[in-house]
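Text of protein04.txt (compact mmCIF, C-alpha atoms) as supplied:
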# COMPACT_ATOMS: atom_id res chain seq x y z
CA MET A 17 -0.26 -10.42 -17.65
CA LYS A 18 -3.21 -8.35 -16.42
CA ARG A 19 -2.44 -4.63 -16.22
CA ILE A 20 -4.36 -2.45 -13.78
CA TYR A 21 -4.12 1.30 -13.33
CA LEU A 22 -5.32 3.07 -10.16
CA LYS A 23 -5.79 6.81 -9.94
CA ALA A 24 -4.59 8.64 -6.85
CA GLY A 25 -7.24 9.93 -4.53
CA LYS A 26 -9.14 9.36 -1.34
CA ALA A 27 -9.45 5.83 0.06
CA GLN A 28 -13.07 5.62 -1.17
CA ASP A 29 -11.92 6.39 -4.74
CA VAL A 30 -9.10 3.83 -4.57
CA PHE A 31 -11.43 1.12 -3.24
CA ASN A 32 -13.97 1.92 -5.98
CA ASP A 33 -11.19 1.59 -8.58
CA LEU A 34 -10.11 -1.73 -7.03
CA LYS A 35 -13.73 -2.95 -7.03
CA ASP A 36 -14.18 -2.07 -10.70
CA ASN A 37 -10.84 -3.57 -11.80
CA PHE A 38 -11.06 -6.73 -9.70
CA LYS A 39 -14.83 -7.23 -10.15
CA GLY A 40 -15.38 -7.40 -6.40
CA ALA A 41 -18.12 -6.57 -3.93
CA LEU A 42 -17.39 -3.46 -1.84
CA GLU A 43 -18.90 -2.66 1.54
CA SER A 44 -18.04 0.70 3.08
CA LYS A 45 -19.17 2.53 6.18
CA ASP A 46 -17.60 5.31 8.25
CA ASP A 47 -14.27 5.27 6.36
CA GLU A 48 -13.96 1.48 6.70
CA PHE A 49 -13.80 -0.60 3.53
CA ASN A 50 -14.11 -4.31 2.81
CA LEU A 51 -13.64 -5.51 -0.77
CA THR A 52 -14.43 -9.18 -1.32
CA LEU A 53 -12.99 -10.76 -4.46
CA SER A 54 -14.37 -13.99 -5.84
CA SER A 55 -13.99 -14.08 -9.59
CA GLY A 56 -12.00 -15.91 -12.23
CA PHE A 57 -9.40 -13.17 -11.85
CA ALA A 58 -8.79 -13.08 -8.07
CA LYS A 59 -9.99 -14.45 -4.76
CA GLY A 60 -9.57 -12.86 -1.35
CA ASN A 61 -10.12 -9.67 0.59
CA ILE A 62 -8.81 -6.14 0.65
CA GLN A 63 -9.75 -4.19 3.76
CA GLY A 64 -8.95 -0.67 4.84
CA ILE A 65 -9.70 2.13 7.23
CA THR A 66 -8.96 5.84 7.11
CA PHE A 67 -8.34 7.82 10.27
CA LEU A 68 -8.95 11.56 10.75
CA ASP A 69 -5.26 12.30 11.27
CA GLY A 70 -4.31 11.40 7.69
CA ILE A 71 -3.40 7.75 8.28
CA THR A 72 -4.82 4.98 6.12
CA TYR A 73 -4.37 1.28 6.80
CA ILE A 74 -4.94 -1.37 4.11
CA GLN A 75 -4.54 -5.13 4.35
CA PHE A 76 -4.44 -7.48 1.37
CA ASP A 77 -5.17 -11.21 1.53
CA ILE A 78 -5.43 -12.23 -2.10
CA VAL A 79 -4.55 -14.79 -4.78
CA PHE A 80 -4.49 -13.78 -8.44
CA ASN A 81 -5.23 -16.24 -11.25
CA ASP A 82 -2.98 -14.31 -13.65
CA ASP A 83 0.24 -12.36 -13.32
CA VAL A 84 -0.69 -8.79 -12.34
CA ARG A 85 0.97 -5.43 -12.87
CA LEU A 86 -0.71 -2.80 -10.69
CA SER A 87 0.26 0.78 -11.52
CA MET A 88 -0.69 3.45 -9.00
CA GLU A 89 -0.66 7.13 -9.76
CA SER A 90 1.73 9.12 -7.60
CA LEU A 91 0.13 11.33 -4.96
CA LYS A 92 1.04 15.01 -4.92
CA THR A 93 0.91 15.08 -1.09
CA SER A 94 4.05 12.90 -0.78
CA PRO A 95 2.72 10.35 1.68
CA ILE A 96 5.06 7.85 3.27
CA PHE A 97 4.13 4.17 3.09
CA PHE A 98 5.15 1.49 5.54
CA ALA A 99 4.55 -2.06 4.29
CA TYR A 100 4.93 -5.55 5.68
CA CYS A 101 4.58 -8.84 3.78
CA SER A 102 3.59 -11.88 5.84
CA GLN A 103 3.04 -14.29 2.92
CA GLY A 104 4.23 -14.42 -0.68
CA THR A 105 6.34 -11.77 -2.40
CA ILE A 106 5.68 -8.39 -4.00
CA GLN A 107 7.87 -6.70 -6.58
CA HIS A 108 7.91 -2.91 -6.80
CA SER A 109 9.36 -0.37 -9.20
CA PHE A 110 9.07 3.35 -9.76
CA GLY A 111 7.84 3.45 -13.37
CA GLU A 112 8.17 0.85 -16.11
CA GLN A 113 11.94 1.18 -16.40
CA GLY A 114 12.69 1.51 -12.70
CA GLU A 115 14.67 -1.02 -10.72
CA ARG A 116 12.48 -3.78 -9.29
CA LYS A 117 12.83 -4.45 -5.60
CA ILE A 118 11.29 -7.44 -3.86
CA ILE A 119 9.50 -7.46 -0.53
CA LYS A 120 9.61 -11.09 0.60
CA LYS A 121 7.78 -12.91 3.35
CA GLN A 122 8.55 -11.36 6.76
CA HIS A 123 10.16 -8.30 5.17
CA SER A 124 9.21 -4.64 5.51
CA GLY A 125 9.38 -1.74 3.14
CA ILE A 126 9.36 2.04 3.52
CA LEU A 127 8.40 3.99 0.42
CA LYS A 128 8.34 7.68 -0.48
CA SER A 129 7.82 9.01 -3.97
CA ALA A 130 9.53 12.29 -4.84
CA SER A 131 8.38 12.39 -8.46
CA SER A 132 5.29 12.01 -10.59
CA VAL A 133 6.37 8.52 -11.69
CA ASN A 134 3.84 5.80 -10.92
CA SER A 135 4.51 3.10 -8.35
CA ILE A 136 4.15 -0.31 -9.93
CA MET A 137 3.59 -3.54 -8.01
CA TYR A 138 3.93 -6.95 -9.60
CA PHE A 139 2.17 -10.09 -8.35
CA GLU A 140 2.65 -13.68 -9.53
CA LYS A 141 -0.34 -15.83 -10.37
CA TYR A 142 -1.40 -18.54 -7.92
CA VAL A 143 0.85 -17.18 -5.14
CA PRO A 144 -1.13 -16.26 -2.00
CA ILE A 145 -0.24 -12.74 -0.89
CA LYS A 146 -0.76 -11.20 2.53
CA PHE A 147 0.60 -7.73 2.96
CA TYR A 148 -0.22 -4.66 4.96
CA VAL A 149 0.29 -0.98 4.26
CA ILE A 150 0.16 2.07 6.50
CA GLU A 151 -0.01 5.31 4.53
CA ILE A 152 0.78 8.54 6.35
CA ASN A 153 -0.30 11.70 4.58
CA THR A 154 2.42 14.20 5.46
CA ALA A 155 0.25 17.14 4.33
CA ILE A 156 -2.18 16.66 7.23
CA ALA A 157 -0.80 17.82 10.56
CA ASN A 158 -2.88 18.35 13.68
CA GLN A 159 -2.46 18.21 17.44
CA HIS A 160 -2.61 14.38 17.40
CA ASN A 161 0.05 13.72 14.79
CA ASP A 162 2.16 16.89 14.58
CA GLU A 163 5.24 15.33 16.20
CA LEU A 164 5.01 12.21 14.02
CA ILE A 165 4.68 14.26 10.81
CA ARG A 166 7.63 16.44 11.81
CA LYS A 167 9.83 13.38 12.48
CA LEU A 168 8.83 11.73 9.20
CA LYS A 169 9.53 14.88 7.19
CA ASN A 170 12.92 15.32 8.91
CA THR A 171 13.81 11.72 8.14
CA PHE A 172 12.48 11.28 4.60
CA PHE A 173 12.09 14.68 2.96
CA ASN A 174 15.82 15.30 2.71
CA ILE A 175 15.83 12.39 0.24
CA LYS A 176 15.20 14.02 -3.12
CA GLU A 177 14.70 10.89 -5.22
CA ASP A 178 12.08 8.14 -5.12
CA TYR A 179 12.87 5.92 -2.17
CA LEU A 180 12.12 2.31 -1.27
CA GLU A 181 14.04 0.60 1.49
CA VAL A 182 13.40 -3.10 1.92
CA SER A 183 14.70 -4.92 4.97
CA ALA A 184 14.07 -7.90 7.18
CA GLN A 185 11.03 -7.56 9.39
CA ASN A 186 10.95 -4.17 11.12
CA SER A 187 9.48 -4.80 14.57
CA LYS A 188 8.03 -1.28 14.91
CA ILE A 189 6.15 -1.56 11.60
CA VAL A 190 4.88 -5.05 12.46
CA GLN A 191 3.78 -3.87 15.94
CA LYS A 192 1.70 -1.02 14.47
CA ILE A 193 0.18 -3.36 11.88
CA GLU A 194 -0.77 -5.83 14.59
CA GLU A 195 -2.54 -2.99 16.43
CA LEU A 196 -4.48 -2.04 13.28
CA LYS A 197 -5.35 -5.49 11.87
CA MET A 198 -9.01 -5.76 11.01
Starting from the coordinates I provided, produce the structure as structure tokens.
Amino acid sequence: MKRIYLKAGKAQDVFNDLKDNFKGALESKDDEFNLTLSSGFAKGNIQGITFLDGITYIQFDIVFNDDVRLSMESLKTSPIFFAYCSQGTIQHSFGEQGERKIIKKQHSGILKSASSVNSIMYFEKYVPIKFYVIEINTAIANQHNDELIRKLKNTFFNIKEDYLEVSAQNSKIVQKIEELKM
């Protein structure tokens, strides 16, 4: 199993970490990122864009040639992540000993970390994965997103523990992803 660790940070930092770990070619311009992977380790694309209002969108279309454990440092800003898997499966846990939950094909997930425990995603070798993530930074509020941030905080910040809800396809999440697809 290949183990990868990503530090928390800005999208540019995360994409640079991904490029270094996956041995890919990264193109970036104006907060848009395209990481092409074509090595013995992985093939595919990871694309992303960061918007001024604290929203980041990332799409993964990738196949690993080894089982992968991807550990991501927890962000201090308590973002909320909305994910959708359109192909393959992803396993997630909070920390090494945390309960693993599975996001299957045509399932959505909503994630909020309330602790400093890393989020860990597990991928199986030779299984094509397509999944999409919208990250909303709840520490950035402005005139464009103030109402959204307020609603998200009211909904998710009363939950004191780490939180991952997995359900059948959430049409609102899928609709927003379709609008953002690159």
Requested in this report: Within 9 Å of Phe38 of chain A, counting only C-alpha atoms, which residues show up once you throw out same-chain ones fewer than 6 positions away? Write them as number ranges by chain, please.
Outcome: A: 20, 53-55, 57-58
With all atoms listed in the file counted and 10 Å as the cut-off, give the residues of segment 59-147 of chain A in contact with segment 158-176 of chain A, each with its shortest interatomic distance in Å and the pair that gives it, as JSON lines.
{"residue": "A:Leu68", "atom": "CA", "partner": "A:Asn158", "partner_atom": "CA", "distance": 9.6}
{"residue": "A:Asp69", "atom": "CA", "partner": "A:Asn161", "partner_atom": "CA", "distance": 6.5}
{"residue": "A:Gly70", "atom": "CA", "partner": "A:Asn161", "partner_atom": "CA", "distance": 8.6}
{"residue": "A:Ile71", "atom": "CA", "partner": "A:Asn161", "partner_atom": "CA", "distance": 9.5}
{"residue": "A:Ser94", "atom": "CA", "partner": "A:Phe173", "partner_atom": "CA", "distance": 9.0}
{"residue": "A:Pro95", "atom": "CA", "partner": "A:Leu168", "partner_atom": "CA", "distance": 9.8}
{"residue": "A:Ile96", "atom": "CA", "partner": "A:Leu168", "partner_atom": "CA", "distance": 8.0}
{"residue": "A:Ile126", "atom": "CA", "partner": "A:Phe172", "partner_atom": "CA", "distance": 9.8}
{"residue": "A:Leu127", "atom": "CA", "partner": "A:Phe172", "partner_atom": "CA", "distance": 9.3}
{"residue": "A:Lys128", "atom": "CA", "partner": "A:Phe172", "partner_atom": "CA", "distance": 7.5}
{"residue": "A:Ser129", "atom": "CA", "partner": "A:Lys176", "partner_atom": "CA", "distance": 9.0}
{"residue": "A:Ala130", "atom": "CA", "partner": "A:Lys176", "partner_atom": "CA", "distance": 6.2}
{"residue": "A:Ser131", "atom": "CA", "partner": "A:Lys176", "partner_atom": "CA", "distance": 8.8}
Query raised in the report: Nearest to Lys197 of chain A among A:Asn50, A:Ile106, A:Ala27, A:Tyr148, with distances taken over all atoms listed in the file: which residue is it?
Result: A:Tyr148
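Compared by their closest atoms to Ser135 of chain A, and using only C-alpha atoms, the residues A:Ile74, A:Leu196, A:Leu86, A:Ala184 rank with A:Leu86 nearest.
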Query raised in the report: Within 7 Å of Ala24 of chain A, counting all atoms listed in the file, which residues qualify if same-chain residues fewer than 6 places away don't, as an MDAnalysis selection string?
Result: chainID A and resid 30 88:91
Please produce a file of those selected residues containing C-alpha atoms, as a PDB file, keeping the file's coordinate frame.
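For reference, part.pdb as written:
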ATOM      1  CA  VAL A  30      -9.100   3.830  -4.570  1.00  0.00           C
ATOM      2  CA  MET A  88      -0.690   3.450  -9.000  1.00  0.00           C
ATOM      3  CA  GLU A  89      -0.660   7.130  -9.760  1.00  0.00           C
ATOM      4  CA  SER A  90       1.730   9.120  -7.600  1.00  0.00           C
ATOM      5  CA  LEU A  91       0.130  11.330  -4.960  1.00  0.00           C
TER       6      LEU A  91
END
Query raised in the report: Quick one: residues within 12 Å of Gly114 of chain A, all atoms listed in the file counted, chain neighbours fewer than 3 positions away excluded, as a PyMOL selection string?
Result: chain A and resi 107-111+117+133-137+178-180
Could I see segment 92-104 of chain A restored to N, CA, C and O atoms, set down as a short mmCIF file (atom, residue, chain, number, x, y, z; two decimals), in the frame of the given file?
data_model
loop_
_atom_site.label_atom_id
_atom_site.label_comp_id
_atom_site.auth_asym_id
_atom_site.auth_seq_id
_atom_site.Cartn_x
_atom_site.Cartn_y
_atom_site.Cartn_z
N LYS A 92 0.33 13.72 -5.01
CA LYS A 92 1.04 15.01 -4.92
C LYS A 92 1.37 15.39 -3.47
O LYS A 92 2.22 16.22 -3.22
N THR A 93 0.71 14.74 -2.50
CA THR A 93 0.91 15.08 -1.09
C THR A 93 2.12 14.40 -0.48
O THR A 93 2.40 14.58 0.70
N SER A 94 2.85 13.60 -1.24
CA SER A 94 4.05 12.90 -0.78
C SER A 94 3.83 12.11 0.51
O SER A 94 4.53 12.30 1.50
N PRO A 95 2.87 11.18 0.49
CA PRO A 95 2.72 10.35 1.68
C PRO A 95 3.91 9.40 1.82
O PRO A 95 4.65 9.18 0.88
N ILE A 96 4.04 8.86 3.01
CA ILE A 96 5.06 7.85 3.27
C ILE A 96 4.32 6.56 3.57
O ILE A 96 3.33 6.55 4.31
N PHE A 97 4.77 5.47 2.95
CA PHE A 97 4.13 4.17 3.09
C PHE A 97 5.05 3.24 3.86
O PHE A 97 6.23 3.14 3.55
N PHE A 98 4.46 2.53 4.81
CA PHE A 98 5.15 1.49 5.54
C PHE A 98 4.43 0.18 5.21
O PHE A 98 3.21 0.10 5.37
N ALA A 99 5.16 -0.81 4.73
CA ALA A 99 4.55 -2.06 4.29
C ALA A 99 5.20 -3.24 4.99
O ALA A 99 6.38 -3.19 5.35
N TYR A 100 4.41 -4.30 5.14
CA TYR A 100 4.93 -5.55 5.68
C TYR A 100 4.27 -6.69 4.91
O TYR A 100 3.06 -6.69 4.68
N CYS A 101 5.06 -7.67 4.50
CA CYS A 101 4.58 -8.84 3.78
C CYS A 101 4.67 -10.05 4.71
O CYS A 101 5.76 -10.37 5.20
N SER A 102 3.55 -10.70 4.97
CA SER A 102 3.59 -11.88 5.84
C SER A 102 3.48 -13.19 5.06
O SER A 102 3.71 -14.26 5.60
N GLN A 103 3.12 -13.09 3.76
CA GLN A 103 3.04 -14.29 2.92
C GLN A 103 3.23 -13.89 1.47
O GLN A 103 2.68 -12.89 1.01
N GLY A 104 3.99 -14.69 0.73
CA GLY A 104 4.23 -14.42 -0.68
C GLY A 104 5.33 -13.40 -0.89
O GLY A 104 6.13 -13.14 0.01
#
